[in-house]
$ cat query_7.cif   # mmCIF, C-alpha atoms (C1' of nucleotides)
data_data
#
loop_
_atom_site.group_PDB
_atom_site.id
_atom_site.type_symbol
_atom_site.label_atom_id
_atom_site.label_comp_id
_atom_site.auth_asym_id
_atom_site.auth_seq_id
_atom_site.Cartn_x
_atom_site.Cartn_y
_atom_site.Cartn_z
ATOM 1 C CA MET A 1 282.531 70.896 94.078
ATOM 2 C CA THR A 2 283.689 68.037 96.240
ATOM 3 C CA ASP A 3 285.375 66.800 93.118
ATOM 4 C CA SER A 4 288.575 66.439 95.160
ATOM 5 C CA SER A 5 290.789 66.699 92.116
ATOM 6 C CA ALA A 6 292.038 70.101 93.110
ATOM 7 C CA GLY A 7 295.747 70.195 93.941
ATOM 8 C CA ASN A 8 297.072 67.236 95.892
ATOM 9 C CA ALA A 9 295.383 63.906 95.569
ATOM 10 C CA ARG A 10 294.286 63.572 99.139
ATOM 11 C CA ARG A 11 293.117 60.262 100.499
ATOM 12 C CA LYS A 12 289.989 59.550 102.419
ATOM 13 C CA PRO A 13 290.396 59.328 106.179
ATOM 14 C CA PHE A 14 291.946 56.047 107.277
ATOM 15 C CA GLU A 15 292.384 54.847 103.721
ATOM 16 C CA ILE A 16 296.044 54.196 104.502
ATOM 17 C CA ASP A 17 295.089 51.853 107.327
ATOM 18 C CA GLY A 18 293.666 49.445 104.800
ATOM 19 C CA ILE A 19 296.726 49.661 102.609
ATOM 20 C CA ILE A 20 299.019 48.869 105.497
ATOM 21 C CA THR A 21 296.954 46.087 107.015
ATOM 22 C CA GLU A 22 296.848 44.462 103.604
ATOM 23 C CA ILE A 23 300.615 44.682 103.213
ATOM 24 C CA LEU A 24 301.126 43.251 106.671
ATOM 25 C CA SER A 25 298.690 40.424 106.199
ATOM 26 C CA ARG A 26 300.339 39.428 102.945
ATOM 27 C CA SER A 27 303.700 39.216 104.682
ATOM 28 C CA SER A 28 304.378 35.958 106.447
ATOM 29 C CA GLN A 29 306.937 37.666 108.646
ATOM 30 C CA PRO A 30 307.137 40.890 110.643
ATOM 31 C CA ILE A 31 308.304 43.859 108.605
ATOM 32 C CA GLY A 32 309.585 47.302 109.542
ATOM 33 C CA ALA A 33 307.888 50.622 108.971
ATOM 34 C CA TYR A 34 310.175 51.594 106.118
ATOM 35 C CA GLU A 35 309.684 48.247 104.445
ATOM 36 C CA ILE A 36 305.948 48.850 104.665
ATOM 37 C CA ALA A 37 306.520 52.164 102.905
ATOM 38 C CA ARG A 38 308.537 50.410 100.177
ATOM 39 C CA GLN A 39 305.829 47.799 99.676
ATOM 40 C CA ALA A 40 303.215 50.525 99.472
ATOM 41 C CA ARG A 41 305.330 52.284 96.890
ATOM 42 C CA LYS A 42 305.147 49.204 94.673
ATOM 43 C CA GLN A 43 301.393 49.624 94.713
ATOM 44 C CA ALA A 44 301.757 53.244 93.632
ATOM 45 C CA HIS A 45 301.183 54.587 97.139
ATOM 46 C CA ARG A 46 303.891 56.961 98.200
ATOM 47 C CA LEU A 47 303.882 57.056 101.987
ATOM 48 C CA SER A 48 306.200 59.107 104.159
ATOM 49 C CA PRO A 49 307.512 57.645 107.429
ATOM 50 C CA THR A 50 305.174 59.926 109.320
ATOM 51 C CA GLN A 51 302.182 58.549 107.478
ATOM 52 C CA VAL A 52 303.216 54.972 108.119
ATOM 53 C CA TYR A 53 303.850 55.539 111.806
ATOM 54 C CA ARG A 54 300.640 57.470 112.320
ATOM 55 C CA CYS A 55 298.740 54.626 110.797
ATOM 56 C CA LEU A 56 300.645 52.007 112.763
ATOM 57 C CA ASP A 57 299.830 53.887 115.958
ATOM 58 C CA ARG A 58 296.130 53.633 115.228
ATOM 59 C CA LEU A 59 296.356 49.978 114.288
ATOM 60 C CA LEU A 60 298.412 49.216 117.381
ATOM 61 C CA ALA A 61 295.880 50.971 119.576
ATOM 62 C CA ALA A 62 293.119 48.950 117.945
ATOM 63 C CA ARG A 63 295.200 45.782 118.428
ATOM 64 C CA GLU A 64 294.957 45.049 114.733
ATOM 65 C CA VAL A 65 298.722 45.150 114.585
ATOM 66 C CA GLU A 66 301.362 44.053 117.048
ATOM 67 C CA ARG A 67 304.869 45.396 117.416
ATOM 68 C CA ILE A 68 307.789 43.017 117.840
ATOM 69 C CA VAL A 69 309.846 45.297 120.025
ATOM 70 C CA SER A 70 313.120 43.423 119.969
ATOM 71 C CA ILE A 71 313.466 43.830 116.214
ATOM 72 C CA ASN A 72 311.315 46.916 115.586
ATOM 73 C CA ALA A 73 308.948 45.164 113.243
ATOM 74 C CA TYR A 74 305.213 44.815 112.902
ATOM 75 C CA VAL A 75 302.765 41.961 112.331
ATOM 76 C CA THR A 76 299.032 41.630 112.007
ATOM 77 C CA ALA A 77 297.262 40.809 115.228
ATOM 78 C CA SER A 78 293.790 39.734 116.176
ATOM 79 C CA GLY A 79 293.125 41.244 119.527
ATOM 80 C CA HIS A 80 295.341 38.942 121.539
ATOM 81 C CA GLU A 81 298.921 39.663 122.435
ATOM 82 C CA ARG A 82 301.012 36.724 121.424
ATOM 83 C CA ILE A 83 304.332 35.291 122.438
ATOM 84 C CA HIS A 84 306.949 35.715 119.749
ATOM 85 C CA LEU A 85 309.776 33.270 119.191
ATOM 86 C CA LEU A 86 312.526 34.779 117.049
ATOM 87 C CA CYS A 87 315.112 32.516 115.479
ATOM 88 C CA LYS A 88 318.483 34.231 115.337
ATOM 89 C CA THR A 89 319.669 31.807 112.686
ATOM 90 C CA CYS A 90 317.009 31.904 110.003
ATOM 91 C CA GLY A 91 315.218 35.063 111.076
ATOM 92 C CA GLU A 92 311.817 33.433 111.152
ATOM 93 C CA VAL A 93 309.354 34.534 113.787
ATOM 94 C CA LYS A 94 306.807 32.153 115.236
ATOM 95 C CA SER A 95 303.978 33.706 117.178
ATOM 96 C CA VAL A 96 301.911 31.663 119.595
ATOM 97 C CA ASP A 97 298.962 32.506 121.762
ATOM 98 C CA GLU A 98 299.628 30.833 125.076
ATOM 99 C CA ASN A 99 297.708 31.816 128.127
ATOM 100 C CA ILE A 100 299.764 30.482 131.006
ATOM 101 C CA PRO A 101 302.725 32.868 130.733
ATOM 102 C CA LYS A 102 300.390 35.767 130.122
ATOM 103 C CA GLU A 103 298.272 34.873 133.127
ATOM 104 C CA ALA A 104 301.359 34.574 135.272
ATOM 105 C CA LEU A 105 302.532 37.935 134.046
ATOM 106 C CA ARG A 106 299.190 39.534 134.758
ATOM 107 C CA SER A 107 299.405 38.148 138.249
ATOM 108 C CA VAL A 108 302.859 39.639 138.742
ATOM 109 C CA ALA A 109 301.654 43.043 137.576
ATOM 110 C CA LYS A 110 298.714 42.822 139.920
ATOM 111 C CA SER A 111 300.918 41.923 142.863
ATOM 112 C CA VAL A 112 302.762 45.227 142.546
ATOM 113 C CA LYS A 113 299.569 47.149 141.776
ATOM 114 C CA PHE A 114 300.642 47.892 138.256
ATOM 115 C CA GLN A 115 297.895 48.349 135.706
ATOM 116 C CA ALA A 116 299.063 46.752 132.493
ATOM 117 C CA SER A 117 297.910 48.013 129.129
ATOM 118 C CA THR A 118 300.343 46.355 126.746
ATOM 119 C CA THR A 119 302.699 43.446 127.204
ATOM 120 C CA HIS A 120 305.594 42.210 125.168
ATOM 121 C CA ILE A 121 306.801 38.654 125.533
ATOM 122 C CA GLU A 122 309.569 37.787 123.114
ATOM 123 C CA VAL A 123 312.072 34.971 123.032
ATOM 124 C CA GLN A 124 315.227 34.878 120.984
ATOM 125 C CA GLY A 125 317.044 31.673 120.187
ATOM 126 C CA GLN A 126 317.053 28.926 117.633
ATOM 127 C CA CYS A 127 314.055 27.287 116.053
ATOM 128 C CA ARG A 128 313.457 23.605 115.564
ATOM 129 C CA SER A 129 314.611 23.436 111.948
ATOM 130 C CA CYS A 130 317.791 25.382 112.575
ATOM 131 C CA ARG A 131 318.703 23.192 115.538
ATOM 132 C CA SER A 132 318.771 19.971 113.590
ATOM 133 C CA MET B 1 351.448 55.253 108.064
ATOM 134 C CA THR B 2 348.826 57.173 106.222
ATOM 135 C CA ASP B 3 347.468 59.611 108.712
ATOM 136 C CA SER B 4 349.284 61.581 111.352
ATOM 137 C CA SER B 5 346.895 61.401 114.295
ATOM 138 C CA ALA B 6 349.500 59.944 116.603
ATOM 139 C CA GLY B 7 348.304 61.707 119.722
ATOM 140 C CA ASN B 8 345.543 59.316 120.730
ATOM 141 C CA ALA B 9 345.131 58.744 124.426
ATOM 142 C CA ARG B 10 344.355 55.049 124.271
ATOM 143 C CA ARG B 11 342.592 53.271 127.064
ATOM 144 C CA LYS B 12 343.358 49.967 128.650
ATOM 145 C CA PRO B 13 341.336 47.001 127.406
ATOM 146 C CA PHE B 14 337.782 46.996 128.734
ATOM 147 C CA GLU B 15 338.309 50.194 130.665
ATOM 148 C CA ILE B 16 335.183 51.546 129.011
ATOM 149 C CA ASP B 17 333.143 48.665 130.379
ATOM 150 C CA GLY B 18 333.741 49.991 133.867
ATOM 151 C CA ILE B 19 332.848 53.516 132.884
ATOM 152 C CA ILE B 20 329.567 52.384 131.383
ATOM 153 C CA THR B 21 328.570 50.004 134.135
ATOM 154 C CA GLU B 22 329.179 52.795 136.611
ATOM 155 C CA ILE B 23 327.021 55.214 134.643
ATOM 156 C CA LEU B 24 324.267 52.620 134.392
ATOM 157 C CA SER B 25 324.387 51.689 138.045
ATOM 158 C CA ARG B 26 324.194 55.334 139.073
ATOM 159 C CA SER B 27 321.086 55.799 136.961
ATOM 160 C CA SER B 28 317.880 54.756 138.633
ATOM 161 C CA GLN B 29 316.268 54.356 135.237
ATOM 162 C CA PRO B 30 317.124 52.754 131.910
ATOM 163 C CA ILE B 31 319.066 55.036 129.630
ATOM 164 C CA GLY B 32 319.867 54.929 125.944
ATOM 165 C CA ALA B 33 323.243 54.455 124.330
ATOM 166 C CA TYR B 34 323.583 58.078 123.335
ATOM 167 C CA GLU B 35 322.626 59.216 126.804
ATOM 168 C CA ILE B 36 325.361 56.949 128.154
ATOM 169 C CA ALA B 37 327.764 58.714 125.814
ATOM 170 C CA ARG B 38 326.587 62.100 127.086
ATOM 171 C CA GLN B 39 327.006 61.049 130.699
ATOM 172 C CA ALA B 40 330.474 59.752 129.940
ATOM 173 C CA ARG B 41 331.290 63.053 128.297
ATOM 174 C CA LYS B 42 330.513 64.828 131.560
ATOM 175 C CA GLN B 43 333.233 62.719 133.135
ATOM 176 C CA ALA B 44 335.662 63.790 130.433
ATOM 177 C CA HIS B 45 335.309 60.523 128.506
ATOM 178 C CA ARG B 46 334.487 61.116 124.889
ATOM 179 C CA LEU B 47 332.824 57.971 123.602
ATOM 180 C CA SER B 48 331.554 57.440 120.099
ATOM 181 C CA PRO B 49 328.364 55.445 119.473
ATOM 182 C CA THR B 50 330.483 52.574 118.200
ATOM 183 C CA GLN B 51 332.428 52.451 121.427
ATOM 184 C CA VAL B 52 329.305 52.493 123.542
ATOM 185 C CA TYR B 53 327.597 49.763 121.533
ATOM 186 C CA ARG B 54 330.692 47.568 121.460
ATOM 187 C CA CYS B 55 330.886 47.788 125.173
ATOM 188 C CA LEU B 56 327.165 47.210 125.649
ATOM 189 C CA ASP B 57 327.428 44.092 123.502
ATOM 190 C CA ARG B 58 330.043 42.664 125.835
ATOM 191 C CA LEU B 59 328.084 43.577 128.931
ATOM 192 C CA LEU B 60 324.885 42.160 127.476
ATOM 193 C CA ALA B 61 326.630 38.907 126.622
ATOM 194 C CA ALA B 62 327.942 38.754 130.171
ATOM 195 C CA ARG B 63 324.450 39.528 131.456
ATOM 196 C CA GLU B 64 325.821 42.470 133.395
ATOM 197 C CA VAL B 65 323.477 44.702 131.466
ATOM 198 C CA GLU B 66 319.975 44.140 130.226
ATOM 199 C CA ARG B 67 318.256 45.801 127.297
ATOM 200 C CA ILE B 68 314.724 47.114 127.607
ATOM 201 C CA VAL B 69 313.697 46.435 124.062
ATOM 202 C CA SER B 70 310.451 48.343 123.992
ATOM 203 C CA ILE B 71 312.178 51.646 124.691
ATOM 204 C CA ASN B 72 315.697 50.930 123.432
ATOM 205 C CA ALA B 73 317.335 51.544 126.773
ATOM 206 C CA TYR B 74 319.722 49.729 129.049
ATOM 207 C CA VAL B 75 319.885 48.858 132.737
ATOM 208 C CA THR B 76 322.308 47.028 134.979
ATOM 209 C CA ALA B 77 321.522 43.372 135.433
ATOM 210 C CA SER B 78 322.644 40.641 137.747
ATOM 211 C CA GLY B 79 322.596 37.479 135.765
ATOM 212 C CA HIS B 80 318.850 36.961 135.763
ATOM 213 C CA GLU B 81 316.516 38.246 133.133
ATOM 214 C CA ARG B 82 313.888 40.298 134.823
ATOM 215 C CA ILE B 83 310.374 41.405 134.048
ATOM 216 C CA HIS B 84 310.152 45.105 133.380
ATOM 217 C CA LEU B 85 307.113 47.199 134.211
ATOM 218 C CA LEU B 86 307.195 50.532 132.393
ATOM 219 C CA CYS B 87 304.904 53.325 133.509
ATOM 220 C CA LYS B 88 303.745 55.396 130.568
ATOM 221 C CA THR B 89 302.786 58.260 132.855
ATOM 222 C CA CYS B 90 305.873 58.896 134.941
ATOM 223 C CA GLY B 91 308.374 56.956 132.868
ATOM 224 C CA GLU B 92 309.620 54.949 135.818
ATOM 225 C CA VAL B 93 310.614 51.357 135.244
ATOM 226 C CA LYS B 94 310.245 48.695 137.894
ATOM 227 C CA SER B 95 312.126 45.479 137.302
ATOM 228 C CA VAL B 96 311.190 42.303 139.117
ATOM 229 C CA ASP B 97 312.624 38.820 139.106
ATOM 230 C CA GLU B 98 309.650 36.510 139.091
ATOM 231 C CA ASN B 99 310.039 32.899 138.190
ATOM 232 C CA ILE B 100 306.548 31.761 137.358
ATOM 233 C CA PRO B 101 306.075 33.668 134.101
ATOM 234 C CA LYS B 102 309.595 32.812 133.037
ATOM 235 C CA GLU B 103 309.082 29.133 133.775
ATOM 236 C CA ALA B 104 305.823 29.162 131.856
ATOM 237 C CA LEU B 105 307.560 30.822 128.964
ATOM 238 C CA ARG B 106 310.370 28.283 129.005
ATOM 239 C CA SER B 107 307.766 25.573 128.894
ATOM 240 C CA VAL B 108 306.105 27.156 125.869
ATOM 241 C CA ALA B 109 309.414 27.367 124.049
ATOM 242 C CA LYS B 110 310.141 23.775 124.854
ATOM 243 C CA SER B 111 306.768 22.640 123.574
ATOM 244 C CA VAL B 112 307.600 23.945 120.110
ATOM 245 C CA LYS B 113 311.206 22.722 120.321
ATOM 246 C CA PHE B 114 312.586 26.218 120.373
ATOM 247 C CA GLN B 115 315.882 26.692 122.149
ATOM 248 C CA ALA B 116 315.709 30.017 123.951
ATOM 249 C CA SER B 117 318.784 32.107 124.589
ATOM 250 C CA THR B 118 317.347 35.455 125.577
ATOM 251 C CA THR B 119 313.879 36.478 126.681
ATOM 252 C CA HIS B 120 312.235 39.842 126.962
ATOM 253 C CA ILE B 121 309.201 40.295 129.142
ATOM 254 C CA GLU B 122 308.010 43.863 129.320
ATOM 255 C CA VAL B 123 304.772 45.399 130.451
ATOM 256 C CA GLN B 124 303.580 48.894 129.718
ATOM 257 C CA GLY B 125 300.923 50.590 131.733
ATOM 258 C CA GLN B 126 300.525 52.692 134.826
ATOM 259 C CA CYS B 127 302.327 52.262 138.088
ATOM 260 C CA ARG B 128 300.833 52.320 141.538
ATOM 261 C CA SER B 129 301.661 55.946 142.327
ATOM 262 C CA CYS B 130 300.372 57.246 139.026
ATOM 263 C CA ARG B 131 297.148 55.296 139.433
ATOM 264 C CA SER B 132 296.124 56.956 142.679
ATOM 265 C "C1'" DC C 1 362.084 41.809 117.427
ATOM 266 C "C1'" DA C 2 358.305 40.661 114.322
ATOM 267 C "C1'" DA C 3 353.973 38.644 113.113
ATOM 268 C "C1'" DA C 4 349.344 37.798 114.501
ATOM 269 C "C1'" DG C 5 345.383 38.926 116.675
ATOM 270 C "C1'" DA C 6 342.617 41.633 119.696
ATOM 271 C "C1'" DT C 7 341.137 46.231 121.029
ATOM 272 C "C1'" DT C 8 340.507 50.910 120.328
ATOM 273 C "C1'" DG C 9 339.320 55.482 117.934
ATOM 274 C "C1'" DT C 10 336.986 57.892 114.327
ATOM 275 C "C1'" DG C 11 334.045 59.120 110.546
ATOM 276 C "C1'" DA C 12 330.554 57.756 107.679
ATOM 277 C "C1'" DT C 13 326.407 55.504 106.926
ATOM 278 C "C1'" DG C 14 322.129 52.900 107.668
ATOM 279 C "C1'" DA C 15 317.786 52.251 110.089
ATOM 280 C "C1'" DT C 16 314.072 53.694 113.021
ATOM 281 C "C1'" DA C 17 311.084 57.308 114.822
ATOM 282 C "C1'" DT C 18 309.352 62.050 115.738
ATOM 283 C "C1'" DA C 19 308.612 67.224 115.130
ATOM 284 C "C1'" DT C 20 306.774 70.729 112.619
ATOM 285 C "C1'" DC C 21 303.982 73.198 109.498
ATOM 286 C "C1'" DA C 22 300.616 73.853 105.996
ATOM 287 C "C1'" DT C 23 296.456 72.081 103.834
ATOM 288 C "C1'" DC C 24 292.198 69.787 103.536
ATOM 289 C "C1'" DT C 25 287.753 67.576 105.440
ATOM 290 C "C1'" DT C 26 284.348 66.983 108.654
ATOM 291 C "C1'" DT C 27 281.495 68.466 112.155
ATOM 292 C "C1'" DA C 28 278.843 71.339 114.689
ATOM 293 C "C1'" DA C 29 277.621 75.698 116.347
ATOM 294 C "C1'" DA C 30 275.993 80.490 115.386
ATOM 295 C "C1'" DT D 1 274.714 79.338 105.019
ATOM 296 C "C1'" DT D 2 278.683 80.898 107.127
ATOM 297 C "C1'" DT D 3 282.141 80.149 110.307
ATOM 298 C "C1'" DA D 4 285.145 78.136 113.593
ATOM 299 C "C1'" DA D 5 287.108 74.186 115.788
ATOM 300 C "C1'" DA D 6 288.816 69.661 115.555
ATOM 301 C "C1'" DG D 7 290.837 66.068 113.344
ATOM 302 C "C1'" DA D 8 293.215 63.836 109.294
ATOM 303 C "C1'" DT D 9 296.461 64.297 105.768
ATOM 304 C "C1'" DG D 10 300.930 65.332 103.061
ATOM 305 C "C1'" DA D 11 305.666 66.727 103.017
ATOM 306 C "C1'" DT D 12 310.125 68.186 104.717
ATOM 307 C "C1'" DA D 13 313.310 68.189 108.077
ATOM 308 C "C1'" DT D 14 315.274 66.446 112.067
ATOM 309 C "C1'" DA D 15 316.098 63.448 116.029
ATOM 310 C "C1'" DT D 16 317.336 59.056 117.788
ATOM 311 C "C1'" DC D 17 319.152 54.418 117.611
ATOM 312 C "C1'" DA D 18 322.578 51.233 115.644
ATOM 313 C "C1'" DT D 19 326.202 49.396 112.508
ATOM 314 C "C1'" DC D 20 330.033 49.422 109.221
ATOM 315 C "C1'" DA D 21 334.617 50.153 107.482
ATOM 316 C "C1'" DC D 22 339.150 51.053 108.241
ATOM 317 C "C1'" DA D 23 343.245 52.625 110.359
ATOM 318 C "C1'" DA D 24 346.010 53.001 114.590
ATOM 319 C "C1'" DT D 25 347.591 50.979 118.736
ATOM 320 C "C1'" DC D 26 348.241 47.598 122.112
ATOM 321 C "C1'" DT D 27 349.153 42.663 123.690
ATOM 322 C "C1'" DT D 28 350.510 38.163 123.034
ATOM 323 C "C1'" DT D 29 353.358 34.816 121.310
ATOM 324 C "C1'" DG D 30 356.929 32.557 118.720
#
$ encode --input "query_7.cif" --output "structure tokens"
Amino acid sequence: MTDSSAGNARRKPFEIDGIITEILSRSSQPIGAYEIARQARKQAHRLSPTQVYRCLDRLLAAREVERIVSINAYVTASGHERIHLLCKTCGEVKSVDENIPKEALRSVAKSVKFQASTTHIEVQGQCRSCRS
Amino acid sequence: MTDSSAGNARRKPFEIDGIITEILSRSSQPIGAYEIARQARKQAHRLSPTQVYRCLDRLLAAREVERIVSINAYVTASGHERIHLLCKTCGEVKSVDENIPKEALRSVAKSVKFQASTTHIEVQGQCRSCRS
DNA sequence: CAAAGATTGTGATGATATATCATCTTTAAA
DNA sequence: TTTAAAGATGATATATCATCACAATCTTTG
């Protein structure tokens, strides 16, 4: 009865989440939603943009994924919001977890009675290797 | 000499810059590039996306305009990069010029020998009025 | 004037994100 | 068990954001 082989091969709830987190964790750099779909396709998982974004929304809410807003790309996260340094020359992104700027930012939000839920701290410039 | 579209009303150099800065300064909130084009259209200025983006690039480089990366929108600037607080409830954006988080961020960049050119500090959450 | 270079205008295209609708599964109530 | 409601899924279409390519026009300069 619950054979599930009737009509479309439908996935279990949240099965896609695992597929996407795996793709993201294998990537050393942030990747876009459509690139995620392409990577999934290589593993024989056809995902529409809607499916990818729905999943990303869940993962973002759970802080398992972080969005690099200045380049519309996504990386794995681990609860903490990091500071992202994006090199315009080589394209590499270095993410660090530094408390002082975040604390200062929290303090600023508090001073204007703004309740923060998500923060984005991103820096564009040139990395160490590309400078020399 | 291929085409015969010789009736183009051509603008003076950088005339569009003024049109766009005026539109942005009249708007109390960040607006997107296509919305800028629509506003310009109301003033009898037909601007293509290319024209708007070209102009925005110049204004961004001159720091006369700032880009809110998390919502792909633009606001007038005044040299300094500000911290943007975006209310998810009412959509209002409050921009503040606070030095402490920016200094802390500069220090982080320096510690990893990263030369920063542009920074984006954005906070999403709920503003004071929407909280109460 | 003529060449060179910058700026503009336009259409096409690429890239990112959402809307909509139909189907299926789970859950819980009747 | 039957049924209805809620939530998750799959697929197509569309909206939104951004860039590219190329020709036409203007400005500068020799």
$ resolve_selection --input "query_7.cif" --expression "the PyMOL selection byres ((chain D) within 9 of (chain B))" --output "PyMOL selection string"
chain D and resi 16-19+23-26
$ write_last_selection --input "query_7.cif" --atoms "C-alpha atoms (C1' of nucleotides)" --output "short mmCIF file (atom, residue, chain, number, x, y, z; two decimals), in the frame of the given file"
data_model
loop_
_atom_site.label_atom_id
_atom_site.label_comp_id
_atom_site.auth_asym_id
_atom_site.auth_seq_id
_atom_site.Cartn_x
_atom_site.Cartn_y
_atom_site.Cartn_z
"C1'" DT D 16 317.34 59.06 117.79
"C1'" DC D 17 319.15 54.42 117.61
"C1'" DA D 18 322.58 51.23 115.64
"C1'" DT D 19 326.20 49.40 112.51
"C1'" DA D 23 343.24 52.62 110.36
"C1'" DA D 24 346.01 53.00 114.59
"C1'" DT D 25 347.59 50.98 118.74
"C1'" DC D 26 348.24 47.60 122.11
#
$ closest_atom_pairs --input "query_7.cif" --of "chain C" --to "chain B" --cutoff "8 Å" --atoms "all atoms listed in the file" --output "CSV"
residue,atom,partner,partner_atom,distance
C:DT7,C1',B:Pro13,CA,6.4
C:DT8,C1',B:Arg10,CA,6.9
C:DG9,C1',B:Asn8,CA,7.8
C:DT10,C1',B:Ser48,CA,7.9
$ closest_atom_pairs --input "query_7.cif" --of "chain B" --to "chain A" --cutoff "6 Å" --atoms "all atoms listed in the file" --output "JSON lines"
{"residue": "B:Val69", "atom": "CA", "partner": "A:Ser70", "partner_atom": "CA", "distance": 5.1}
{"residue": "B:Ser70", "atom": "CA", "partner": "A:Val69", "partner_atom": "CA", "distance": 5.0}
{"residue": "B:Pro101", "atom": "CA", "partner": "A:Pro101", "partner_atom": "CA", "distance": 4.8}
{"residue": "B:Ala104", "atom": "CA", "partner": "A:Pro101", "partner_atom": "CA", "distance": 5.0}
{"residue": "B:Leu105", "atom": "CA", "partner": "A:Pro101", "partner_atom": "CA", "distance": 5.5}
{"residue": "B:Lys113", "atom": "CA", "partner": "A:Arg128", "partner_atom": "CA", "distance": 5.3}
{"residue": "B:Phe114", "atom": "CA", "partner": "A:Cys127", "partner_atom": "CA", "distance": 4.7}
{"residue": "B:Gln115", "atom": "CA", "partner": "A:Gln126", "partner_atom": "CA", "distance": 5.2}
{"residue": "B:Ala116", "atom": "CA", "partner": "A:Gly125", "partner_atom": "CA", "distance": 4.3}
{"residue": "B:Ser117", "atom": "CA", "partner": "A:Gly125", "partner_atom": "CA", "distance": 4.8}
{"residue": "B:Thr118", "atom": "CA", "partner": "A:Gln124", "partner_atom": "CA", "distance": 5.1}
{"residue": "B:Thr119", "atom": "CA", "partner": "A:Val123", "partner_atom": "CA", "distance": 4.3}
{"residue": "B:His120", "atom": "CA", "partner": "A:Glu122", "partner_atom": "CA", "distance": 5.1}
{"residue": "B:Ile121", "atom": "CA", "partner": "A:Ile121", "partner_atom": "CA", "distance": 4.6}
{"residue": "B:Glu122", "atom": "CA", "partner": "A:His120", "partner_atom": "CA", "distance": 5.1}
{"residue": "B:Val123", "atom": "CA", "partner": "A:Thr119", "partner_atom": "CA", "distance": 4.3}
{"residue": "B:Gln124", "atom": "CA", "partner": "A:Thr118", "partner_atom": "CA", "distance": 5.1}
{"residue": "B:Gly125", "atom": "CA", "partner": "A:Ala116", "partner_atom": "CA", "distance": 4.3}
{"residue": "B:Gln126", "atom": "CA", "partner": "A:Gln115", "partner_atom": "CA", "distance": 5.2}
{"residue": "B:Cys127", "atom": "CA", "partner": "A:Phe114", "partner_atom": "CA", "distance": 4.7}
{"residue": "B:Arg128", "atom": "CA", "partner": "A:Lys113", "partner_atom": "CA", "distance": 5.3}
$ atom_distance --input "query_7.cif" --atom1 "atom C1' of D:DA15" --atom2 "atom CA of B:Val52"
18.7 Å
$ atom_distance --input "query_7.cif" --atom1 "atom CA of A:Glu35" --atom2 "atom CA of B:Glu66"
28.1 Å
$ resolve_selection --input "query_7.cif" --expression "the PyMOL selection byres ((chain C and resi 2) around 12)" --output "PyMOL selection string"
(chain C and resi 1+3-4) or (chain D and resi 28-30)
$ atom_distance --input "query_7.cif" --atom1 "atom CA of B:Ile36" --atom2 "atom C1' of D:DC22"
24.9 Å
$ resolve_selection --input "query_7.cif" --expression "the PyMOL selection byres ((chain B and resi 28) around 12)" --output "PDB file with C-alpha atoms, in the frame of the given file"
ATOM      1  CA  GLU B  22     329.179  52.795 136.611  1.00  0.00           C
ATOM      2  CA  ILE B  23     327.021  55.214 134.643  1.00  0.00           C
ATOM      3  CA  LEU B  24     324.267  52.620 134.392  1.00  0.00           C
ATOM      4  CA  SER B  25     324.387  51.689 138.045  1.00  0.00           C
ATOM      5  CA  ARG B  26     324.194  55.334 139.073  1.00  0.00           C
ATOM      6  CA  SER B  27     321.086  55.799 136.961  1.00  0.00           C
ATOM      7  CA  GLN B  29     316.268  54.356 135.237  1.00  0.00           C
ATOM      8  CA  PRO B  30     317.124  52.754 131.910  1.00  0.00           C
ATOM      9  CA  ILE B  31     319.066  55.036 129.630  1.00  0.00           C
ATOM     10  CA  TYR B  74     319.722  49.729 129.049  1.00  0.00           C
ATOM     11  CA  VAL B  75     319.885  48.858 132.737  1.00  0.00           C
ATOM     12  CA  THR B  76     322.308  47.028 134.979  1.00  0.00           C
ATOM     13  CA  GLY B  91     308.374  56.956 132.868  1.00  0.00           C
ATOM     14  CA  GLU B  92     309.620  54.949 135.818  1.00  0.00           C
ATOM     15  CA  VAL B  93     310.614  51.357 135.244  1.00  0.00           C
ATOM     16  CA  LYS B  94     310.245  48.695 137.894  1.00  0.00           C
ATOM     17  CA  SER B  95     312.126  45.479 137.302  1.00  0.00           C
TER      18      SER B  95
END
